[in-house]
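Engineer: My structure file query_6.cif, mmCIF, C-alpha atoms, is below:
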```
data_target
#
loop_
_atom_site.label_atom_id
_atom_site.label_comp_id
_atom_site.auth_asym_id
_atom_site.auth_seq_id
_atom_site.Cartn_x
_atom_site.Cartn_y
_atom_site.Cartn_z
CA MET U 190 -14.24 69.96 -25.06
CA SER U 191 -16.44 67.88 -22.88
CA THR U 192 -19.37 68.57 -25.24
CA THR U 193 -17.38 67.20 -28.20
CA THR U 194 -16.46 64.09 -26.24
CA VAL U 195 -20.05 63.36 -25.30
CA ALA U 196 -21.23 63.89 -28.88
CA THR U 197 -18.55 61.58 -30.22
CA SER U 198 -19.50 58.88 -27.72
CA ALA U 199 -23.14 59.21 -28.65
CA ALA U 200 -22.25 58.93 -32.34
CA VAL U 201 -20.29 55.76 -31.72
CA ASN U 202 -23.16 54.26 -29.76
CA ASP U 203 -25.64 55.08 -32.53
CA ASP U 204 -23.72 53.08 -35.13
CA GLY U 205 -25.42 49.88 -34.07
CA PRO U 206 -27.22 48.13 -31.27
CA ALA U 207 -25.31 47.55 -28.07
CA GLN U 208 -23.75 44.06 -27.92
CA SER U 209 -23.91 42.03 -24.73
CA PRO U 210 -20.55 40.94 -23.34
CA ARG U 211 -19.47 37.50 -24.55
CA THR U 212 -19.53 34.77 -21.92
CA THR U 213 -16.28 32.84 -21.87
CA ARG U 214 -15.21 30.01 -19.60
CA GLY U 215 -12.43 30.81 -17.24
CA ARG U 216 -9.21 28.91 -17.12
CA GLY U 217 -9.72 25.43 -15.71
CA GLU U 218 -13.49 25.51 -16.15
CA ARG U 219 -15.12 22.68 -18.10
CA SER U 220 -18.30 22.50 -20.11
CA LEU U 221 -21.33 20.63 -18.83
CA ALA U 222 -20.74 17.78 -21.29
CA ALA U 223 -17.11 17.39 -20.19
CA SER U 224 -18.14 17.35 -16.51
CA LEU U 225 -20.82 14.74 -17.13
CA THR U 226 -18.39 12.60 -19.10
CA SER U 227 -15.67 12.75 -16.46
CA HIS U 228 -18.12 12.00 -13.65
CA GLY U 229 -19.57 9.10 -15.64
CA ILE U 230 -16.10 7.63 -16.18
CA LEU U 231 -15.26 8.00 -12.49
CA ILE U 232 -18.53 6.37 -11.42
CA ALA U 233 -17.98 3.49 -13.84
CA GLY U 234 -14.43 3.02 -12.59
CA SER U 235 -15.62 3.02 -8.98
CA VAL U 236 -18.26 0.39 -9.75
CA ILE U 237 -15.69 -1.80 -11.49
CA ALA U 238 -13.30 -1.48 -8.54
CA LEU U 239 -15.92 -2.11 -5.84
CA PHE U 240 -17.87 -4.88 -7.55
CA PRO U 241 -15.41 -7.73 -6.72
CA ILE U 242 -15.39 -6.69 -3.06
CA ALA U 243 -19.18 -6.45 -2.88
CA TRP U 244 -19.49 -9.82 -4.65
CA LEU U 245 -17.08 -11.43 -2.19
CA VAL U 246 -19.05 -10.08 0.78
CA PHE U 247 -22.28 -11.34 -0.82
CA LEU U 248 -20.89 -14.84 -1.36
CA SER U 249 -19.61 -14.95 2.22
CA LEU U 250 -23.21 -14.73 3.42
CA GLY U 251 -24.22 -17.94 1.65
CA PRO U 252 -24.26 -20.87 4.13
CA ASP U 253 -23.44 -23.61 1.59
CA LYS U 254 -20.12 -24.16 -0.15
CA ASP U 255 -21.81 -24.43 -3.56
CA ASP U 256 -23.83 -21.24 -3.28
CA TYR U 257 -21.44 -19.49 -5.62
CA LEU U 258 -22.88 -21.63 -8.41
CA HIS U 259 -26.39 -20.33 -7.72
CA PRO U 260 -25.87 -16.85 -6.20
CA GLY U 261 -29.53 -15.89 -6.64
CA GLY U 262 -30.54 -18.31 -3.90
CA ILE U 263 -28.34 -16.60 -1.30
CA TRP U 264 -30.92 -13.84 -0.78
CA LYS U 265 -33.40 -16.27 0.83
CA LYS U 266 -30.93 -17.94 3.22
CA MET U 267 -28.44 -15.15 3.96
CA SER U 268 -26.67 -15.54 7.33
CA PHE U 269 -23.44 -14.82 9.19
CA GLY U 270 -22.85 -18.49 9.96
CA ASN U 271 -19.65 -18.62 7.91
CA TYR U 272 -18.08 -15.86 10.01
CA SER U 273 -18.98 -17.52 13.30
CA PHE U 274 -17.56 -20.84 12.07
CA VAL U 275 -14.28 -19.25 10.96
CA LEU U 276 -13.87 -17.38 14.24
CA GLN U 277 -14.85 -20.29 16.51
CA HIS U 278 -13.74 -23.47 14.75
CA THR U 279 -10.57 -22.55 12.89
CA SER U 280 -7.14 -21.19 13.85
CA PHE U 281 -8.08 -17.75 12.58
CA PHE U 282 -6.76 -15.86 15.62
CA ASP U 283 -3.46 -17.76 15.50
CA TRP U 284 -3.15 -16.84 11.83
CA LEU U 285 -4.03 -13.23 12.65
CA LYS U 286 -1.39 -13.12 15.39
CA SER U 287 1.27 -14.48 13.06
CA SER U 288 0.31 -12.05 10.30
CA LEU U 289 0.45 -9.06 12.63
CA ILE U 290 3.80 -10.11 14.10
CA VAL U 291 5.34 -10.58 10.67
CA SER U 292 3.72 -7.52 9.07
CA LEU U 293 4.46 -5.09 11.89
CA GLY U 294 7.97 -6.49 12.28
CA THR U 295 8.58 -6.03 8.55
CA THR U 296 7.17 -2.51 8.72
CA VAL U 297 9.32 -1.38 11.63
CA LEU U 298 12.56 -3.01 10.49
CA GLY U 299 12.02 -2.29 6.80
CA VAL U 300 11.15 1.38 7.22
CA THR U 301 14.05 1.90 9.63
CA VAL U 302 16.59 0.41 7.24
CA ALA U 303 15.04 2.11 4.20
CA ALA U 304 14.92 5.52 5.90
CA THR U 305 18.56 5.45 6.97
CA THR U 306 19.59 4.16 3.54
CA GLY U 307 17.59 6.77 1.66
CA TYR U 308 18.88 9.58 3.87
CA ALA U 309 22.50 8.48 3.51
CA VAL U 310 22.28 8.36 -0.29
CA SER U 311 20.40 11.67 -0.41
CA ARG U 312 22.81 13.62 1.79
CA MET U 313 26.18 11.85 1.72
CA ARG U 314 28.49 11.40 -1.25
CA PHE U 315 30.41 8.23 -0.53
CA PRO U 316 32.15 6.17 -3.25
CA GLY U 317 29.66 4.17 -5.27
CA TYR U 318 26.50 5.72 -3.82
CA ARG U 319 24.84 5.90 -7.24
CA LYS U 320 25.67 2.29 -8.09
CA PHE U 321 24.41 1.24 -4.67
CA MET U 322 20.90 2.48 -5.45
CA TRP U 323 20.93 0.70 -8.79
CA VAL U 324 22.00 -2.52 -7.07
CA LEU U 325 18.94 -2.19 -4.83
CA LEU U 326 16.79 -1.80 -7.91
CA VAL U 327 18.32 -4.86 -9.59
CA THR U 328 17.38 -7.04 -6.61
CA GLN U 329 13.71 -6.48 -7.49
CA MET U 330 14.13 -8.02 -10.94
CA PHE U 331 14.47 -11.64 -9.82
CA PRO U 332 11.27 -13.73 -9.69
CA VAL U 333 10.21 -15.46 -6.49
CA ALA U 334 10.85 -18.93 -7.92
CA VAL U 335 14.53 -18.08 -8.46
CA LEU U 336 14.98 -16.64 -4.96
CA MET U 337 13.17 -19.41 -3.10
CA VAL U 338 15.94 -22.02 -3.02
CA PRO U 339 18.88 -19.77 -2.03
CA MET U 340 16.77 -18.01 0.60
CA TYR U 341 15.71 -21.35 2.04
CA GLN U 342 19.36 -22.45 2.20
CA ILE U 343 20.41 -19.22 3.94
CA LEU U 344 17.60 -19.40 6.51
CA SER U 345 18.36 -23.07 7.10
CA ASP U 346 22.04 -22.29 7.79
CA LEU U 347 20.96 -19.53 10.21
CA GLU U 348 18.38 -21.86 11.82
CA LEU U 349 15.59 -19.42 11.01
CA ILE U 350 13.27 -21.80 9.18
CA ASP U 351 9.78 -21.77 10.74
CA SER U 352 10.52 -18.58 12.67
CA TYR U 353 8.95 -15.13 12.53
CA LEU U 354 12.35 -13.44 12.32
CA GLY U 355 13.34 -15.43 9.25
CA LEU U 356 10.13 -14.50 7.44
CA ILE U 357 10.51 -10.84 8.46
CA LEU U 358 14.03 -10.74 7.00
CA VAL U 359 12.79 -12.29 3.76
CA TYR U 360 10.04 -9.71 3.44
CA CYS U 361 12.46 -6.89 4.22
CA SER U 362 14.57 -8.00 1.25
CA THR U 363 11.55 -7.13 -0.90
CA ALA U 364 10.31 -4.02 0.90
CA VAL U 365 13.59 -2.22 1.67
CA PRO U 366 14.82 -1.59 -1.92
CA TYR U 367 11.56 0.02 -3.04
CA CYS U 368 11.14 2.01 0.19
CA ALA U 369 14.76 3.20 0.03
CA TRP U 370 14.17 4.61 -3.47
CA LEU U 371 10.91 6.18 -2.34
CA LEU U 372 12.39 7.84 0.74
CA LYS U 373 15.52 8.95 -1.07
CA GLY U 374 13.32 10.90 -3.47
CA TYR U 375 11.39 12.36 -0.56
CA PHE U 376 14.53 13.38 1.36
CA ASP U 377 15.74 15.16 -1.78
CA THR U 378 12.76 17.53 -1.44
CA ILE U 379 13.79 18.60 2.08
CA PRO U 380 16.15 21.63 1.94
CA PHE U 381 19.75 20.87 2.80
CA GLU U 382 19.83 24.04 4.91
CA ILE U 383 17.94 22.14 7.63
CA ASP U 384 20.88 19.75 7.99
CA GLU U 385 23.27 22.67 8.18
CA ALA U 386 21.13 24.32 10.85
CA GLY U 387 21.24 21.11 12.88
CA ARG U 388 25.02 20.95 12.68
CA VAL U 389 25.25 24.61 13.75
CA ASP U 390 23.15 23.73 16.80
CA GLY U 391 25.59 20.95 17.67
CA LEU U 392 23.56 17.94 16.52
CA SER U 393 25.31 14.86 15.21
CA PRO U 394 24.35 13.56 11.73
CA PHE U 395 22.09 10.96 13.34
CA GLY U 396 20.63 13.56 15.69
CA THR U 397 19.85 15.80 12.72
CA PHE U 398 18.23 12.87 10.94
CA ALA U 399 16.15 11.78 13.93
CA ARG U 400 15.12 15.17 15.34
CA LEU U 401 14.81 17.37 12.26
CA ILE U 402 14.46 15.30 9.09
CA LEU U 403 12.18 12.45 10.19
CA PRO U 404 9.39 14.75 11.47
CA LEU U 405 9.36 16.47 8.08
CA ALA U 406 9.31 13.12 6.26
CA LYS U 407 6.14 11.72 7.85
CA PRO U 408 4.21 11.49 4.53
CA GLY U 409 7.01 9.53 2.89
CA LEU U 410 7.39 7.29 5.93
CA ALA U 411 3.64 6.63 5.87
CA VAL U 412 3.79 5.40 2.28
CA ALA U 413 6.81 3.22 3.03
CA ALA U 414 5.11 1.78 6.11
CA PHE U 415 1.91 1.02 4.21
CA TYR U 416 3.80 -0.67 1.38
CA SER U 417 5.86 -2.77 3.79
CA PHE U 418 2.76 -3.78 5.75
CA ILE U 419 0.67 -4.93 2.79
CA THR U 420 3.68 -6.66 1.21
CA ALA U 421 4.10 -8.85 4.27
CA PHE U 422 0.40 -9.20 5.10
CA GLY U 423 -0.74 -10.66 1.79
CA GLU U 424 2.31 -12.64 0.66
CA VAL U 425 1.81 -16.39 0.15
CA ALA U 426 4.78 -18.05 -1.57
CA PHE U 427 7.51 -17.35 1.01
CA ALA U 428 5.18 -17.89 3.97
CA THR U 429 4.06 -21.28 2.62
CA THR U 430 7.65 -22.41 2.10
CA PHE U 431 9.33 -21.11 5.25
CA MET U 432 6.58 -21.60 7.87
CA LEU U 433 6.07 -25.28 8.71
CA ASP U 434 4.06 -25.12 11.94
CA ASP U 435 0.34 -24.68 11.24
CA GLN U 436 0.09 -22.53 14.37
CA LYS U 437 2.47 -20.05 12.74
CA TYR U 438 0.63 -19.80 9.44
CA THR U 439 -0.19 -16.31 8.30
CA LEU U 440 -3.71 -15.44 7.18
CA ALA U 441 -2.84 -15.78 3.52
CA VAL U 442 -1.50 -19.30 4.09
CA GLY U 443 -4.33 -20.24 6.44
CA LEU U 444 -6.79 -19.35 3.70
CA GLN U 445 -5.41 -22.24 1.66
CA THR U 446 -6.48 -24.76 4.30
CA PHE U 447 -10.05 -24.43 3.02
CA VAL U 448 -8.94 -25.97 -0.28
CA SER U 449 -8.24 -29.70 -0.45
CA GLU U 450 -7.41 -31.99 -3.35
CA HIS U 451 -11.04 -32.81 -4.10
CA ASP U 452 -13.02 -30.05 -2.45
CA ALA U 453 -13.04 -26.31 -1.75
CA GLN U 454 -15.10 -24.61 0.96
CA ARG U 455 -15.61 -21.41 -0.95
CA ASN U 456 -18.13 -19.96 1.48
CA LEU U 457 -15.59 -20.15 4.32
CA MET U 458 -12.85 -18.81 2.05
CA ALA U 459 -15.01 -15.80 1.21
CA ALA U 460 -15.79 -15.09 4.87
CA THR U 461 -12.12 -15.41 5.83
CA ALA U 462 -11.08 -13.12 2.97
CA VAL U 463 -13.48 -10.45 4.23
CA LEU U 464 -12.06 -10.77 7.75
CA ILE U 465 -8.52 -10.56 6.40
CA ALA U 466 -9.31 -7.21 4.79
CA ILE U 467 -10.24 -5.62 8.13
CA PRO U 468 -6.67 -5.20 9.56
CA VAL U 469 -5.39 -3.79 6.26
CA SER U 470 -8.30 -1.34 6.10
CA ALA U 471 -7.61 -0.25 9.68
CA PHE U 472 -3.92 0.32 8.92
CA PHE U 473 -4.83 2.27 5.79
CA TYR U 474 -7.15 4.46 7.86
CA LEU U 475 -4.30 5.30 10.23
CA VAL U 476 -1.92 6.44 7.50
CA GLN U 477 -4.33 7.77 4.86
CA LYS U 478 -3.78 11.44 5.78
CA ASN U 479 -0.16 11.23 4.71
CA LEU U 480 -0.45 8.80 1.80
CA VAL U 481 -1.36 11.23 -0.98
CA THR U 482 1.27 13.75 0.05
CA GLY U 483 3.91 11.05 0.39
CA LEU U 484 3.12 9.47 -2.98
CA THR U 485 3.46 12.75 -4.88
CA ALA U 486 6.12 14.69 -2.96
CA GLY U 487 9.05 12.57 -4.10
CA GLY U 488 8.29 13.19 -7.76
CA THR U 489 9.90 16.65 -7.84
CA LYS U 490 12.97 18.05 -6.20
CA GLY U 491 12.41 21.26 -4.28
#
```
Could you take the file, read its structure, and then write that structure out as structure tokens?

Structural biologist:
Amino acid sequence: MSTTTVATSAAVNDDGPAQSPRTTRGRGERSLAASLTSHGILIAGSVIALFPIAWLVFLSLGPDKDDYLHPGGIWKKMSFGNYSFVLQHTSFFDWLKSSLIVSLGTTVLGVTVAATTGYAVSRMRFPGYRKFMWVLLVTQMFPVAVLMVPMYQILSDLELIDSYLGLILVYCSTAVPYCAWLLKGYFDTIPFEIDEAGRVDGLSPFGTFARLILPLAKPGLAVAAFYSFITAFGEVAFATTFMLDDQKYTLAVGLQTFVSEHDAQRNLMAATAVLIAIPVSAFFYLVQKNLVTGLTAGGTKG
């Protein structure tokens, strides 16, 4: 029987030349052309995104205010004189102090309110909880020009014009609705059994939220904190209207002091803009580990 099997196999093999196994791409693998195309698109996108920043840094090294008209001449007279002037002869550090006070205050207060709001809507079923979230969303639909006058009247009645607290509250009105939606979606991904385990262990609802839920929600909190920080740090319209003392100007408002009715010191504006980007970059570096996870986790409910 074994002899017949061997003979049959030999006969099958003699029918034609042996064919080499076909090479097929595995699942998820791309061809060389597709890889080159995708990498080329990514490189082009990176260049487009980084070019304005590199151009701004380059213009900030030109010592004259009209160097932006003839950028080729900057190479021969490049210097850091604009940075030294901004740091030594302007109110840059006062502007920086005001920006940090307002931005960090908005971040702490905004994330606190948004986290408690998002958790309450995610876990508790009180009357009108769905409509409440839609009301928060509707508040984002009004343009700044419409909100300016009523907000000014409210802050004036509360005697909060030209105060850090007043500006923080205004910024929280912008940051809290978005962050509440973001964190509500993130809390939905955390199993409800964790809350039940906390109650079994004798924790109050707030104790469960603070000791069990918040540590698990660090990525979502990082995204909310970063959004609140950059919202307050770069805003101009409200800060220009509500802050009257030039010593309390934020960096974004202080940048406008380099522009007058008949002149604009663009070299100093460029240097100040580069300096303004440093605190935001530092804050981004602190929260970057959790940003990607926090941005994507709220998209699905686990």

Engineer: Which residues are close to Phe321 of chain U, i.e. within 12 Å by all atoms listed in the file, leaving aside same-chain residues fewer than 3 positions away? Reply as a PyMOL selection string.

Structural biologist: chain U and resi 306-307+309-311+314-318+324-328+366+369-370

Engineer: Compile the contact shell of Tyr341 of chain U as a PyMOL selection string: residues with an atom at most 12 Å away, counting all atoms listed in the file, same-chain residues fewer than 4 positions apart removed.

Structural biologist: chain U and resi 333-337+345-351+355-356+358-359+426-432

Engineer: Could you list, as a PDB file with C-alpha atoms, in the coordinates of the input, every residue matched by the PyMOL selection byres ((chain U and resi 387) around 12) in this structure?

Structural biologist:
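Written output follows (out39.pdb):
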```pdb
ATOM      1  CA  PHE U 381      19.750  20.870   2.800  1.00  0.00           C
ATOM      2  CA  GLU U 382      19.830  24.040   4.910  1.00  0.00           C
ATOM      3  CA  ILE U 383      17.940  22.140   7.630  1.00  0.00           C
ATOM      4  CA  ASP U 384      20.880  19.750   7.990  1.00  0.00           C
ATOM      5  CA  GLU U 385      23.270  22.670   8.180  1.00  0.00           C
ATOM      6  CA  ALA U 386      21.130  24.320  10.850  1.00  0.00           C
ATOM      7  CA  ARG U 388      25.020  20.950  12.680  1.00  0.00           C
ATOM      8  CA  VAL U 389      25.250  24.610  13.750  1.00  0.00           C
ATOM      9  CA  ASP U 390      23.150  23.730  16.800  1.00  0.00           C
ATOM     10  CA  GLY U 391      25.590  20.950  17.670  1.00  0.00           C
ATOM     11  CA  LEU U 392      23.560  17.940  16.520  1.00  0.00           C
ATOM     12  CA  SER U 393      25.310  14.860  15.210  1.00  0.00           C
ATOM     13  CA  PRO U 394      24.350  13.560  11.730  1.00  0.00           C
ATOM     14  CA  PHE U 395      22.090  10.960  13.340  1.00  0.00           C
ATOM     15  CA  GLY U 396      20.630  13.560  15.690  1.00  0.00           C
ATOM     16  CA  THR U 397      19.850  15.800  12.720  1.00  0.00           C
ATOM     17  CA  PHE U 398      18.230  12.870  10.940  1.00  0.00           C
ATOM     18  CA  ALA U 399      16.150  11.780  13.930  1.00  0.00           C
ATOM     19  CA  ARG U 400      15.120  15.170  15.340  1.00  0.00           C
ATOM     20  CA  LEU U 401      14.810  17.370  12.260  1.00  0.00           C
ATOM     21  CA  ILE U 402      14.460  15.300   9.090  1.00  0.00           C
TER      22      ILE U 402
END
```

Engineer: Taking the file as shown, find all residues satisfying the PyMOL selection byres ((chain U and resi 445-461) around 8) and write them as a list in words.

Structural biologist: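 When the PyMOL selection byres ((chain U and resi 445-461) around 8) is applied, the selected residues are Leu245, Val246, Leu248, Ser249, Leu250, Gly251, Pro252, Asp253, Lys254, Asp255, Asp256, Tyr257, Asn271, Tyr272, Val275, Ala441, Val442, Gly443, Leu444, Ala462, Val463, Leu464 and Ile465 of chain U.
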
Engineer: For Pro468 of chain U, find every residue with an atom within 12 Å (counting all atoms listed in the file), except residues of its own chain fewer than 2 positions away, and show them as a VMD selection string.

Structural biologist: chain U and resid 285 to 286 288 to 289 292 to 293 415 418 to 419 422 to 423 440 462 to 466 470 to 475

Engineer: Between U:Ala304, U:Thr439, U:Ile467, U:Asp434, which one has atoms that come closest to Phe376 of chain U, using all atoms listed in the file?

Structural biologist: U:Ala304

Engineer: In Å, with one decimal, what is the gap from atom CA of Asp377 of chain U to atom CA of Leu410 of chain U?

Structural biologist: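 Atom CA of Leu410 of chain U lies 13.8 Å from atom CA of Asp377 of chain U.
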
Engineer: Quick check on the file I pasted: which residues fall under the PyMOL selection byres ((chain U and resi 294-301) around 7)? Write them as a VMD selection string.

Structural biologist: chain U and resid 290 to 293 302 to 305 357 360 to 361 364 to 365 413 to 414 417 to 418 421

Engineer: Would you put the residues from that selection into a file with C-alpha atoms, as a compact mmCIF listing (two decimals), in the coordinates of the input?

Structural biologist:
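The resulting file, part-v7.txt, is shown below:
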```txt
# COMPACT_ATOMS: atom_id res chain seq x y z
CA ILE U 290 3.80 -10.11 14.10
CA VAL U 291 5.34 -10.58 10.67
CA SER U 292 3.72 -7.52 9.07
CA LEU U 293 4.46 -5.09 11.89
CA VAL U 302 16.59 0.41 7.24
CA ALA U 303 15.04 2.11 4.20
CA ALA U 304 14.92 5.52 5.90
CA THR U 305 18.56 5.45 6.97
CA ILE U 357 10.51 -10.84 8.46
CA TYR U 360 10.04 -9.71 3.44
CA CYS U 361 12.46 -6.89 4.22
CA ALA U 364 10.31 -4.02 0.90
CA VAL U 365 13.59 -2.22 1.67
CA ALA U 413 6.81 3.22 3.03
CA ALA U 414 5.11 1.78 6.11
CA SER U 417 5.86 -2.77 3.79
CA PHE U 418 2.76 -3.78 5.75
CA ALA U 421 4.10 -8.85 4.27
```

Engineer: Tell me, in Å to one decimal, how far atom CA of Thr226 of chain U is from atom CA of Ala238 of chain U.

Structural biologist: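 Separation between atom CA of Thr226 of chain U and atom CA of Ala238 of chain U: 18.3 Å.
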
Engineer: Can you measure atom CA of Leu276 of chain U to atom CA of Tyr416 of chain U for me? One decimal in Å is fine.

Structural biologist: 27.5 Å

Engineer: Write out all heavy atoms for segment 440-449 of chain U, as a JSON list (two decimals), in the frame of the given file.

Structural biologist:
```
[["chain", "number", "residue", "atom", "x", "y", "z"],
["U", 440, "LEU", "N", -2.34, -15.37, 7.67],
["U", 440, "LEU", "CA", -3.71, -15.44, 7.18],
["U", 440, "LEU", "C", -3.76, -15.89, 5.73],
["U", 440, "LEU", "O", -4.65, -16.65, 5.33],
["U", 440, "LEU", "CB", -4.39, -14.08, 7.34],
["U", 440, "LEU", "CG", -4.81, -13.71, 8.76],
["U", 440, "LEU", "CD1", -5.21, -12.24, 8.82],
["U", 440, "LEU", "CD2", -5.96, -14.59, 9.23],
["U", 441, "ALA", "N", -2.84, -15.41, 4.92],
["U", 441, "ALA", "CA", -2.84, -15.78, 3.52],
["U", 441, "ALA", "C", -2.60, -17.27, 3.33],
["U", 441, "ALA", "O", -3.19, -17.90, 2.44],
["U", 441, "ALA", "CB", -1.77, -14.98, 2.77],
["U", 442, "VAL", "N", -1.76, -17.86, 4.17],
["U", 442, "VAL", "CA", -1.50, -19.30, 4.09],
["U", 442, "VAL", "C", -2.66, -20.07, 4.71],
["U", 442, "VAL", "O", -3.07, -21.12, 4.19],
["U", 442, "VAL", "CB", -0.18, -19.65, 4.79],
["U", 442, "VAL", "CG1", 0.08, -21.15, 4.74],
["U", 442, "VAL", "CG2", 0.97, -18.89, 4.16],
["U", 443, "GLY", "N", -3.20, -19.57, 5.81],
["U", 443, "GLY", "CA", -4.33, -20.24, 6.44],
["U", 443, "GLY", "C", -5.54, -20.32, 5.53],
["U", 443, "GLY", "O", -6.33, -21.26, 5.60],
["U", 444, "LEU", "N", -5.68, -19.35, 4.64],
["U", 444, "LEU", "CA", -6.79, -19.35, 3.70],
["U", 444, "LEU", "C", -6.75, -20.56, 2.79],
["U", 444, "LEU", "O", -7.78, -21.05, 2.34],
["U", 444, "LEU", "CB", -6.76, -18.06, 2.88],
["U", 444, "LEU", "CG", -7.98, -17.74, 2.01],
["U", 444, "LEU", "CD1", -9.21, -17.53, 2.89],
["U", 444, "LEU", "CD2", -7.72, -16.50, 1.18],
["U", 445, "GLN", "N", -5.54, -21.08, 2.54],
["U", 445, "GLN", "CA", -5.41, -22.24, 1.66],
["U", 445, "GLN", "C", -5.88, -23.53, 2.31],
["U", 445, "GLN", "O", -6.09, -24.52, 1.62],
["U", 445, "GLN", "CB", -3.94, -22.39, 1.23],
["U", 445, "GLN", "CG", -3.43, -21.26, 0.37],
["U", 445, "GLN", "CD", -1.98, -21.47, -0.05],
["U", 445, "GLN", "OE1", -1.19, -22.09, 0.65],
["U", 445, "GLN", "NE2", -1.64, -20.96, -1.22],
["U", 446, "THR", "N", -6.04, -23.55, 3.63],
["U", 446, "THR", "CA", -6.48, -24.76, 4.30],
["U", 446, "THR", "C", -7.93, -25.10, 3.97],
["U", 446, "THR", "O", -8.37, -26.23, 4.24],
["U", 446, "THR", "CB", -6.33, -24.63, 5.82],
["U", 446, "THR", "OG1", -7.14, -23.54, 6.29],
["U", 446, "THR", "CG2", -4.88, -24.36, 6.20],
["U", 447, "PHE", "N", -8.67, -24.16, 3.41],
["U", 447, "PHE", "CA", -10.05, -24.43, 3.02],
["U", 447, "PHE", "C", -10.14, -25.10, 1.65],
["U", 447, "PHE", "O", -11.23, -25.40, 1.18],
["U", 447, "PHE", "CB", -10.87, -23.14, 3.00],
["U", 447, "PHE", "CG", -10.98, -22.48, 4.34],
["U", 447, "PHE", "CD1", -10.41, -21.24, 4.57],
["U", 447, "PHE", "CD2", -11.66, -23.09, 5.38],
["U", 447, "PHE", "CE1", -10.50, -20.63, 5.80],
["U", 447, "PHE", "CE2", -11.75, -22.49, 6.62],
["U", 447, "PHE", "CZ", -11.18, -21.26, 6.84],
["U", 448, "VAL", "N", -8.98, -25.32, 1.03],
["U", 448, "VAL", "CA", -8.94, -25.97, -0.28],
["U", 448, "VAL", "C", -8.19, -27.29, -0.14],
["U", 448, "VAL", "O", -7.04, -27.32, 0.28],
["U", 448, "VAL", "CB", -8.24, -25.08, -1.33],
["U", 448, "VAL", "CG1", -8.22, -25.77, -2.69],
["U", 448, "VAL", "CG2", -8.93, -23.73, -1.43],
["U", 449, "SER", "N", -8.86, -28.39, -0.46],
["U", 449, "SER", "CA", -8.24, -29.70, -0.45],
["U", 449, "SER", "C", -8.10, -30.21, -1.88],
["U", 449, "SER", "O", -8.44, -29.52, -2.84],
["U", 449, "SER", "CB", -9.07, -30.68, 0.38],
["U", 449, "SER", "OG", -10.37, -30.84, -0.17]]
```
